[in-house]
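Below is the file input_15.txt, which contains compact mmCIF, C-alpha atoms.
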# COMPACT_ATOMS: atom_id res chain seq x y z
CA MET A 1 -30.65 -41.69 0.38
CA THR A 2 -34.36 -42.16 -0.21
CA LEU A 3 -35.77 -43.49 -3.46
CA VAL A 4 -37.22 -40.03 -4.19
CA GLY A 5 -33.78 -38.50 -3.74
CA ARG A 6 -32.13 -41.05 -6.04
CA ILE A 7 -34.80 -40.45 -8.69
CA LEU A 8 -34.42 -36.69 -8.39
CA ASP A 9 -30.65 -37.02 -8.83
CA VAL A 10 -31.04 -38.57 -12.30
CA LEU A 11 -33.58 -36.03 -13.59
CA PRO A 12 -32.15 -33.15 -15.68
CA GLN A 13 -33.57 -30.40 -13.43
CA THR A 14 -34.89 -28.28 -16.30
CA GLN A 15 -38.12 -27.73 -14.30
CA CYS A 16 -39.97 -27.61 -17.62
CA THR A 17 -43.25 -29.24 -16.40
CA ARG A 18 -43.53 -31.33 -19.60
CA CYS A 19 -43.80 -34.45 -17.44
CA GLY A 20 -47.13 -33.15 -16.19
CA TYR A 21 -45.82 -32.12 -12.76
CA PRO A 22 -44.91 -28.64 -11.48
CA ASP A 23 -41.20 -29.45 -11.10
CA CYS A 24 -38.65 -32.26 -11.14
CA ALA A 25 -39.11 -32.95 -7.43
CA ALA A 26 -42.87 -33.45 -7.82
CA TYR A 27 -42.24 -35.83 -10.72
CA ALA A 28 -39.71 -37.76 -8.61
CA ASP A 29 -42.28 -38.03 -5.81
CA ALA A 30 -44.90 -39.31 -8.27
CA ILE A 31 -42.55 -41.94 -9.72
CA ALA A 32 -41.59 -43.15 -6.24
CA ALA A 33 -45.27 -43.37 -5.29
CA GLY A 34 -46.09 -45.35 -8.42
CA GLU A 35 -48.29 -42.54 -9.72
CA ALA A 36 -46.17 -41.62 -12.76
CA ALA A 37 -44.25 -43.59 -15.36
CA ILE A 38 -40.51 -43.22 -15.86
CA ASN A 39 -40.94 -42.18 -19.52
CA GLN A 40 -42.44 -38.69 -19.15
CA CYS A 41 -39.30 -36.50 -19.27
CA PRO A 42 -38.40 -35.27 -22.78
CA PRO A 43 -35.30 -33.30 -21.67
CA GLY A 44 -33.84 -36.46 -20.12
CA GLY A 45 -34.71 -38.40 -23.26
CA ASP A 46 -33.93 -42.05 -23.80
CA GLU A 47 -30.81 -41.95 -21.61
CA GLY A 48 -32.88 -40.41 -18.82
CA ILE A 49 -35.42 -43.23 -19.00
CA HIS A 50 -32.61 -45.80 -18.77
CA ARG A 51 -31.24 -43.97 -15.71
CA LEU A 52 -34.67 -43.91 -14.09
CA ALA A 53 -35.18 -47.61 -14.87
CA ALA A 54 -31.86 -48.45 -13.20
CA VAL A 55 -32.70 -46.44 -10.07
CA THR A 56 -36.30 -47.64 -9.71
CA GLN A 57 -35.83 -51.20 -11.03
CA LEU A 58 -38.81 -50.54 -13.31
CA THR A 59 -38.95 -51.78 -16.89
CA TYR A 60 -37.66 -49.41 -19.57
CA LYS A 61 -40.33 -47.91 -21.86
CA PRO A 62 -39.77 -45.49 -24.77
CA LEU A 63 -40.52 -41.82 -24.20
CA ASN A 64 -44.26 -41.16 -24.09
CA PRO A 65 -44.97 -38.76 -26.99
CA GLU A 66 -47.84 -37.19 -25.02
CA HIS A 67 -45.14 -35.37 -23.03
CA GLY A 68 -43.07 -34.29 -26.03
CA MET A 69 -40.15 -35.57 -28.03
CA GLU A 70 -36.48 -35.78 -27.21
CA ALA A 71 -34.83 -32.81 -28.89
CA SER A 72 -31.75 -30.65 -28.98
CA ARG A 73 -31.24 -28.44 -25.95
CA SER A 74 -32.43 -24.92 -26.55
CA VAL A 75 -31.88 -21.54 -24.99
CA VAL A 76 -34.14 -18.53 -25.19
CA TRP A 77 -33.12 -15.03 -26.23
CA ILE A 78 -35.07 -11.78 -26.15
CA ASP A 79 -35.44 -9.41 -29.09
CA GLU A 80 -34.47 -6.10 -27.46
CA ASN A 81 -36.36 -4.10 -30.09
CA TRP A 82 -39.69 -5.59 -29.02
CA CYS A 83 -39.31 -6.16 -25.27
CA ILE A 84 -41.70 -3.90 -23.33
CA GLY A 85 -40.39 -4.80 -19.86
CA CYS A 86 -43.61 -6.42 -18.66
CA THR A 87 -41.67 -8.85 -16.34
CA LEU A 88 -44.01 -11.77 -17.13
CA CYS A 89 -41.09 -13.84 -18.44
CA ILE A 90 -39.12 -13.18 -15.26
CA GLU A 91 -42.04 -14.48 -13.20
CA ALA A 92 -42.32 -17.59 -15.40
CA CYS A 93 -38.64 -18.55 -15.40
CA PRO A 94 -38.11 -21.34 -12.85
CA VAL A 95 -34.37 -20.77 -12.50
CA ASP A 96 -34.15 -16.94 -12.50
CA ALA A 97 -32.31 -16.95 -15.84
CA ILE A 98 -33.98 -13.72 -17.01
CA ILE A 99 -32.99 -10.35 -15.64
CA GLY A 100 -34.54 -6.93 -16.09
CA THR A 101 -36.92 -4.58 -14.41
CA HIS A 102 -40.39 -3.18 -15.00
CA LYS A 103 -40.67 -1.18 -18.25
CA ARG A 104 -37.02 -1.86 -19.09
CA MET A 105 -35.55 -4.31 -21.56
CA HIS A 106 -34.89 -7.83 -20.23
CA THR A 107 -32.16 -10.28 -21.16
CA VAL A 108 -31.56 -14.00 -20.70
CA ILE A 109 -28.52 -15.34 -18.85
CA GLU A 110 -27.73 -17.94 -21.48
CA SER A 111 -25.55 -20.10 -19.23
CA ALA A 112 -28.43 -20.41 -16.73
CA CYS A 113 -31.26 -21.03 -19.21
CA THR A 114 -32.52 -24.62 -19.06
CA GLY A 115 -34.53 -24.35 -22.28
CA CYS A 116 -37.77 -25.05 -20.44
CA GLU A 117 -39.56 -22.51 -22.68
CA LEU A 118 -42.06 -21.57 -19.94
CA CYS A 119 -41.40 -17.91 -20.73
CA LEU A 120 -42.61 -18.18 -24.33
CA PRO A 121 -46.38 -18.37 -23.85
CA VAL A 122 -46.52 -15.52 -21.33
CA CYS A 123 -44.79 -12.93 -23.54
CA PRO A 124 -47.49 -10.54 -24.82
CA VAL A 125 -45.36 -9.22 -27.70
CA ASP A 126 -43.68 -12.47 -28.84
CA CYS A 127 -40.18 -11.11 -28.34
CA MET A 128 -38.88 -14.39 -26.87
CA HIS A 129 -37.10 -16.66 -29.35
CA VAL A 130 -35.67 -20.17 -29.11
CA GLU A 131 -32.21 -21.08 -30.35
CA ASN A 132 -30.64 -24.52 -30.68
CA ALA A 133 -27.80 -24.75 -28.15
CA SER A 134 -26.61 -28.32 -28.69
CA GLY A 135 -26.63 -28.99 -32.43
CA ASP A 136 -27.66 -32.57 -33.16
CA THR A 137 -27.13 -33.85 -29.62
CA THR A 138 -30.24 -34.47 -27.55
CA GLY A 139 -31.28 -35.53 -24.05
CA TRP A 140 -28.46 -36.12 -21.57
CA ALA A 141 -25.92 -35.92 -24.40
CA ALA A 142 -26.90 -32.24 -24.72
CA TRP A 143 -26.93 -31.59 -20.98
CA SER A 144 -24.33 -32.24 -18.31
CA GLU A 145 -24.40 -33.25 -14.66
CA SER A 146 -22.91 -29.87 -13.72
CA GLU A 147 -25.59 -27.99 -15.71
CA ALA A 148 -28.29 -30.06 -14.03
CA GLU A 149 -26.82 -29.28 -10.61
CA GLN A 150 -26.62 -25.57 -11.40
CA ALA A 151 -30.26 -25.59 -12.52
CA ARG A 152 -31.26 -27.46 -9.37
CA GLN A 153 -29.48 -24.92 -7.15
CA ARG A 154 -30.94 -21.95 -9.04
CA TYR A 155 -34.44 -23.43 -8.78
CA ALA A 156 -34.01 -24.05 -5.04
CA ALA A 157 -32.73 -20.50 -4.53
CA ARG A 158 -35.70 -19.08 -6.41
CA GLN A 159 -38.15 -21.16 -4.37
CA ALA A 160 -36.51 -19.97 -1.15
CA ARG A 161 -36.67 -16.35 -2.33
CA LEU A 162 -40.35 -16.62 -3.28
CA SER A 163 -41.30 -18.29 -0.02
CA ALA A 164 -39.43 -15.82 2.19
CA PRO A 165 -41.73 -13.51 4.12
CA VAL A 166 -41.92 -10.00 2.78
CA VAL A 167 -40.75 -7.52 5.37
CA ALA A 168 -42.47 -4.17 5.04
CA ALA A 169 -40.42 -1.03 5.44
CA PRO A 170 -40.97 0.55 8.83
CA SER A 171 -43.58 3.25 8.61
CA LEU A 172 -42.97 6.71 9.94
CA PRO A 173 -44.99 7.86 12.92
CA GLU A 174 -48.12 9.78 11.89
CA THR A 175 -46.87 13.00 13.50
CA HIS A 176 -43.62 12.80 11.54
CA LYS A 177 -45.52 12.25 8.27
CA GLN A 178 -47.78 15.19 9.02
CA SER A 179 -44.88 17.53 9.77
CA ARG A 180 -43.17 16.53 6.51
CA VAL A 181 -46.37 17.23 4.54
CA GLU A 182 -46.77 20.59 6.28
CA ALA A 183 -43.15 21.50 5.50
CA ALA A 184 -43.65 20.59 1.83
CA LEU A 185 -46.82 22.72 1.66
CA ALA A 186 -45.00 25.66 3.27
CA ARG A 187 -42.19 25.39 0.69
CA ALA A 188 -44.72 25.30 -2.14
CA LYS A 189 -46.52 28.38 -0.79
CA ALA A 190 -43.21 30.21 -0.40
CA GLN A 191 -42.23 29.40 -3.99
CA THR A 192 -45.64 30.56 -5.26
CA ALA A 193 -45.37 33.82 -3.31
CA HIS A 194 -41.81 34.36 -4.58
CA SER A 195 -42.82 33.80 -8.21
CA GLU A 196 -45.68 36.31 -7.89
CA ASP A 197 -43.30 39.07 -6.69

Just give me the structure of the file as C-alpha cells.
Amino acid sequence: MTLVGRILDVLPQTQCTRCGYPDCAAYADAIAAGEAAINQCPPGGDEGIHRLAAVTQLTYKPLNPEHGMEASRSVVWIDENWCIGCTLCIEACPVDAIIGTHKRMHTVIESACTGCELCLPVCPVDCMHVENASGDTTGWAAWSESEAEQARQRYAARQARLSAPVVAAPSLPETHKQSRVEAALARAKAQTAHSED
C-alpha cells in the first residue's frame, strides 16, 4: 500500500475540511507530499496525530489550534418546525446523512452523521442543531474504525453519484408533442362548449 493509502487509513474520514483540505484524501496527499503537518485533524485528536506519526515516521506535534480543538463527537439534528426544505444542507453533507426533498422537511440519519458541521452555515433559517454524541470522550475514543469506514464508503458513494453523467430523459418527437398539444386544446374547447350549453 502506498504512503498516501496508509495515511488515509488512519484518518477518521469525517470529511470536515477543518484540516484546510477539501476531504481526508486531499489531506493525506498533502501529508505524503510534505505540504501539510500531521497535526491538523481535530476529529482525530491527539490519538490521530500519534497514528499519523507512526505511519509517516514524522515527529509528533500537539494539535494545531488554528484547525480547531479536539472535542466530543457531535451529531446534527434538524428542528422540524423551522425547516423550509431548501435542500442546502443536503448539498453540503459530504456523506449523504441528510434526507429530504425540495420544500419538504429534512431529517438527519444520525448513525451516518460524522459531525462535520458543514451543514450548519448553509442553513438560512438556523434549524440545524448540534448535539453531543460521545459524552466526555473525544477524538478516536469517540469514533470507531467501523464508523470511519462507513463514513469513507458513504463519501465515496456520494462522490461517485455526483460525478456520474446526467442522462436526460428521451424527448418525444416534435410531431408527437404537437399532436398531444392539439388533443389537449381540443379537449379544453369541448369542455368550454359543454359548459356553455

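Using only C-alpha atoms, the nearest neighbour of Val122 in chain A within the list A:Ala97, A:Ile38, A:Glu147, A:Cys89 is A:Cys89.
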
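Taking CA of Val95 in chain A and CA of Ala26 in chain A as endpoints, the distance between them is 16.0 Å.
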
Discussion item. Let me make sure I understand: among A:Thr87, A:Thr137, A:Thr56, A:Gln13, which one has the smallest atom-to-atom distance to Cys119 in chain A if we use all atoms listed in the file?
Written reply: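 Checking each candidate against Cys119 in chain A, we get A:Thr87 as the closest.
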
Worksheet item: Which residues, written as number ranges by chain, have at least one atom at most 8 Å from Ala28 in chain A, with all atoms listed in the file counted and residues fewer than 6 positions away on the same chain left out?
Response: A: 4-5, 7-8

Worksheet, complete the sentence: Between A:Ala92, A:Val125, A:Ala54, A:Ala71, smallest distance to Tyr155 in chain A by all atoms listed in the file belongs to A:Ala92

Worksheet item: By how many Å are CA of Leu162 in chain A and CA of Ile84 in chain A apart?
Response: 23.8 Å

Practice prompt. Could you jot down the CA of Arg161 in chain A to CA of Asp96 in chain A separation for me, Å, one decimal place?
Written response: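 Taking CA of Arg161 in chain A as the start and CA of Asp96 in chain A as the end point, the length is 10.5 Å.
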
Fill in: Top pick for closest residue to Asn64 in chain A, considering A:Ala183, A:Ala32, A:Ala142, A:Ala37 and counting all atoms listed in the file
A:Ala37

Worksheet item: Which residue gives the smallest distance to His106 in chain A among A:Ala148, A:Met69, A:Val76, A:Ala190, with only C-alpha atoms counted?
Response: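 Looking at the shortest contact to His106 in chain A, the residue is A:Val76.
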
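All residues of protein, DNA or RNA that reach within 12 Å of Pro121 in chain A, judged by only C-alpha atoms and not counting those fewer than 5 positions away in the chain, are Leu88, Cys89, Ala92, Cys93, Cys116, Asp126, Cys127, Met128 and His129 of chain A.
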
Item to complete: Identify, on the basis of all atoms listed in the file, every residue whose closest approach to Asn39 in chain A does not exceed 8 Å; exclude the query and any residue fewer than 5 positions from it along the same chain; express the result as a ChimeraX atom specification.
Response: /A:49,60-64

Give me the residues within 9 Å of Leu11 in chain A as a JSON list (two decimals) with C-alpha atoms, keeping the file's coordinate frame, counting all atoms listed in the file and dropping any in the same chain fewer than 4 places off.
[["chain", "number", "residue", "atom", "x", "y", "z"],
["A", 7, "ILE", "CA", -34.80, -40.45, -8.69],
["A", 24, "CYS", "CA", -38.65, -32.26, -11.14],
["A", 25, "ALA", "CA", -39.11, -32.95, -7.43],
["A", 28, "ALA", "CA", -39.71, -37.76, -8.61],
["A", 41, "CYS", "CA", -39.30, -36.50, -19.27],
["A", 43, "PRO", "CA", -35.30, -33.30, -21.67],
["A", 44, "GLY", "CA", -33.84, -36.46, -20.12],
["A", 48, "GLY", "CA", -32.88, -40.41, -18.82],
["A", 51, "ARG", "CA", -31.24, -43.97, -15.71],
["A", 52, "LEU", "CA", -34.67, -43.91, -14.09],
["A", 148, "ALA", "CA", -28.29, -30.06, -14.03]]

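Nearest to Val75 in chain A of all the residues A:Ala186, A:Ala53, A:Val10, A:Leu120 is A:Leu120, based on all atoms listed in the file.
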
Item to complete: Name the residues, using the chain letters and numbers of the file, that sit within 8 Å of (-31.0, -13.2, -20.3) when counting all atoms listed in the file, and give them as number ranges by chain.
Response: A: 76-78, 97-99, 106-110, 113

Since fewer atoms than expected are present, regenerate N, CA and C atoms for range 57-87 of chain A and write them as a JSON list (two decimals), in the coordinates of the input.
[["chain", "number", "residue", "atom", "x", "y", "z"],
["A", 57, "GLN", "N", -35.67, -49.78, -10.69],
["A", 57, "GLN", "CA", -35.83, -51.20, -11.03],
["A", 57, "GLN", "C", -37.13, -51.45, -11.80],
["A", 58, "LEU", "N", -37.63, -50.40, -12.46],
["A", 58, "LEU", "CA", -38.81, -50.54, -13.31],
["A", 58, "LEU", "C", -38.36, -50.84, -14.74],
["A", 59, "THR", "N", -39.26, -51.41, -15.52],
["A", 59, "THR", "CA", -38.95, -51.78, -16.89],
["A", 59, "THR", "C", -38.87, -50.55, -17.78],
["A", 60, "TYR", "N", -37.84, -50.51, -18.61],
["A", 60, "TYR", "CA", -37.66, -49.41, -19.57],
["A", 60, "TYR", "C", -38.85, -49.36, -20.52],
["A", 61, "LYS", "N", -39.31, -48.14, -20.83],
["A", 61, "LYS", "CA", -40.33, -47.91, -21.86],
["A", 61, "LYS", "C", -39.88, -46.71, -22.67],
["A", 62, "PRO", "N", -40.16, -46.67, -23.97],
["A", 62, "PRO", "CA", -39.77, -45.49, -24.77],
["A", 62, "PRO", "C", -40.50, -44.24, -24.27],
["A", 63, "LEU", "N", -39.94, -43.10, -24.60],
["A", 63, "LEU", "CA", -40.52, -41.82, -24.20],
["A", 63, "LEU", "C", -41.97, -41.72, -24.67],
["A", 64, "ASN", "N", -42.84, -41.33, -23.76],
["A", 64, "ASN", "CA", -44.26, -41.16, -24.09],
["A", 64, "ASN", "C", -44.43, -39.87, -24.89],
["A", 65, "PRO", "N", -44.87, -39.96, -26.16],
["A", 65, "PRO", "CA", -44.97, -38.76, -26.99],
["A", 65, "PRO", "C", -46.00, -37.74, -26.49],
["A", 66, "GLU", "N", -46.88, -38.14, -25.59],
["A", 66, "GLU", "CA", -47.84, -37.19, -25.02],
["A", 66, "GLU", "C", -47.12, -36.08, -24.25],
["A", 67, "HIS", "N", -45.91, -36.35, -23.82],
["A", 67, "HIS", "CA", -45.14, -35.37, -23.03],
["A", 67, "HIS", "C", -44.11, -34.61, -23.87],
["A", 68, "GLY", "N", -44.03, -34.95, -25.15],
["A", 68, "GLY", "CA", -43.07, -34.29, -26.03],
["A", 68, "GLY", "C", -42.07, -35.26, -26.58],
["A", 69, "MET", "N", -41.17, -34.74, -27.39],
["A", 69, "MET", "CA", -40.15, -35.57, -28.03],
["A", 69, "MET", "C", -38.76, -35.15, -27.54],
["A", 70, "GLU", "N", -37.86, -36.11, -27.53],
["A", 70, "GLU", "CA", -36.48, -35.78, -27.21],
["A", 70, "GLU", "C", -35.94, -34.87, -28.30],
["A", 71, "ALA", "N", -35.30, -33.79, -27.91],
["A", 71, "ALA", "CA", -34.83, -32.81, -28.89],
["A", 71, "ALA", "C", -33.52, -32.20, -28.44],
["A", 72, "SER", "N", -32.95, -31.41, -29.32],
["A", 72, "SER", "CA", -31.75, -30.65, -28.98],
["A", 72, "SER", "C", -32.06, -29.71, -27.83],
["A", 73, "ARG", "N", -31.05, -29.41, -27.03],
["A", 73, "ARG", "CA", -31.24, -28.44, -25.95],
["A", 73, "ARG", "C", -31.34, -27.06, -26.55],
["A", 74, "SER", "N", -32.25, -26.28, -26.03],
["A", 74, "SER", "CA", -32.43, -24.92, -26.55],
["A", 74, "SER", "C", -32.18, -23.90, -25.46],
["A", 75, "VAL", "N", -31.93, -22.69, -25.89],
["A", 75, "VAL", "CA", -31.88, -21.54, -24.99],
["A", 75, "VAL", "C", -32.78, -20.47, -25.59],
["A", 76, "VAL", "N", -33.25, -19.59, -24.74],
["A", 76, "VAL", "CA", -34.14, -18.53, -25.19],
["A", 76, "VAL", "C", -33.35, -17.22, -25.24],
["A", 77, "TRP", "N", -33.68, -16.38, -26.19],
["A", 77, "TRP", "CA", -33.12, -15.03, -26.23],
["A", 77, "TRP", "C", -34.26, -14.05, -26.47],
["A", 78, "ILE", "N", -34.03, -12.81, -26.08],
["A", 78, "ILE", "CA", -35.07, -11.78, -26.15],
["A", 78, "ILE", "C", -34.69, -10.75, -27.20],
["A", 79, "ASP", "N", -35.63, -10.45, -28.08],
["A", 79, "ASP", "CA", -35.44, -9.41, -29.09],
["A", 79, "ASP", "C", -35.59, -8.06, -28.39],
["A", 80, "GLU", "N", -34.49, -7.37, -28.21],
["A", 80, "GLU", "CA", -34.47, -6.10, -27.46],
["A", 80, "GLU", "C", -35.35, -5.03, -28.10],
["A", 81, "ASN", "N", -35.55, -5.11, -29.40],
["A", 81, "ASN", "CA", -36.36, -4.10, -30.09],
["A", 81, "ASN", "C", -37.85, -4.21, -29.77],
["A", 82, "TRP", "N", -38.26, -5.39, -29.27],
["A", 82, "TRP", "CA", -39.69, -5.59, -29.02],
["A", 82, "TRP", "C", -40.04, -5.73, -27.54],
["A", 83, "CYS", "N", -39.05, -5.97, -26.70],
["A", 83, "CYS", "CA", -39.31, -6.16, -25.27],
["A", 83, "CYS", "C", -39.91, -4.89, -24.67],
["A", 84, "ILE", "N", -41.03, -5.05, -23.95],
["A", 84, "ILE", "CA", -41.70, -3.90, -23.33],
["A", 84, "ILE", "C", -41.47, -3.86, -21.82],
["A", 85, "GLY", "N", -40.70, -4.81, -21.29],
["A", 85, "GLY", "CA", -40.39, -4.80, -19.86],
["A", 85, "GLY", "C", -41.57, -5.16, -18.97],
["A", 86, "CYS", "N", -42.40, -6.08, -19.43],
["A", 86, "CYS", "CA", -43.61, -6.42, -18.66],
["A", 86, "CYS", "C", -43.30, -7.30, -17.44],
["A", 87, "THR", "N", -42.16, -7.95, -17.40],
["A", 87, "THR", "CA", -41.67, -8.85, -16.34],
["A", 87, "THR", "C", -42.39, -10.19, -16.27]]
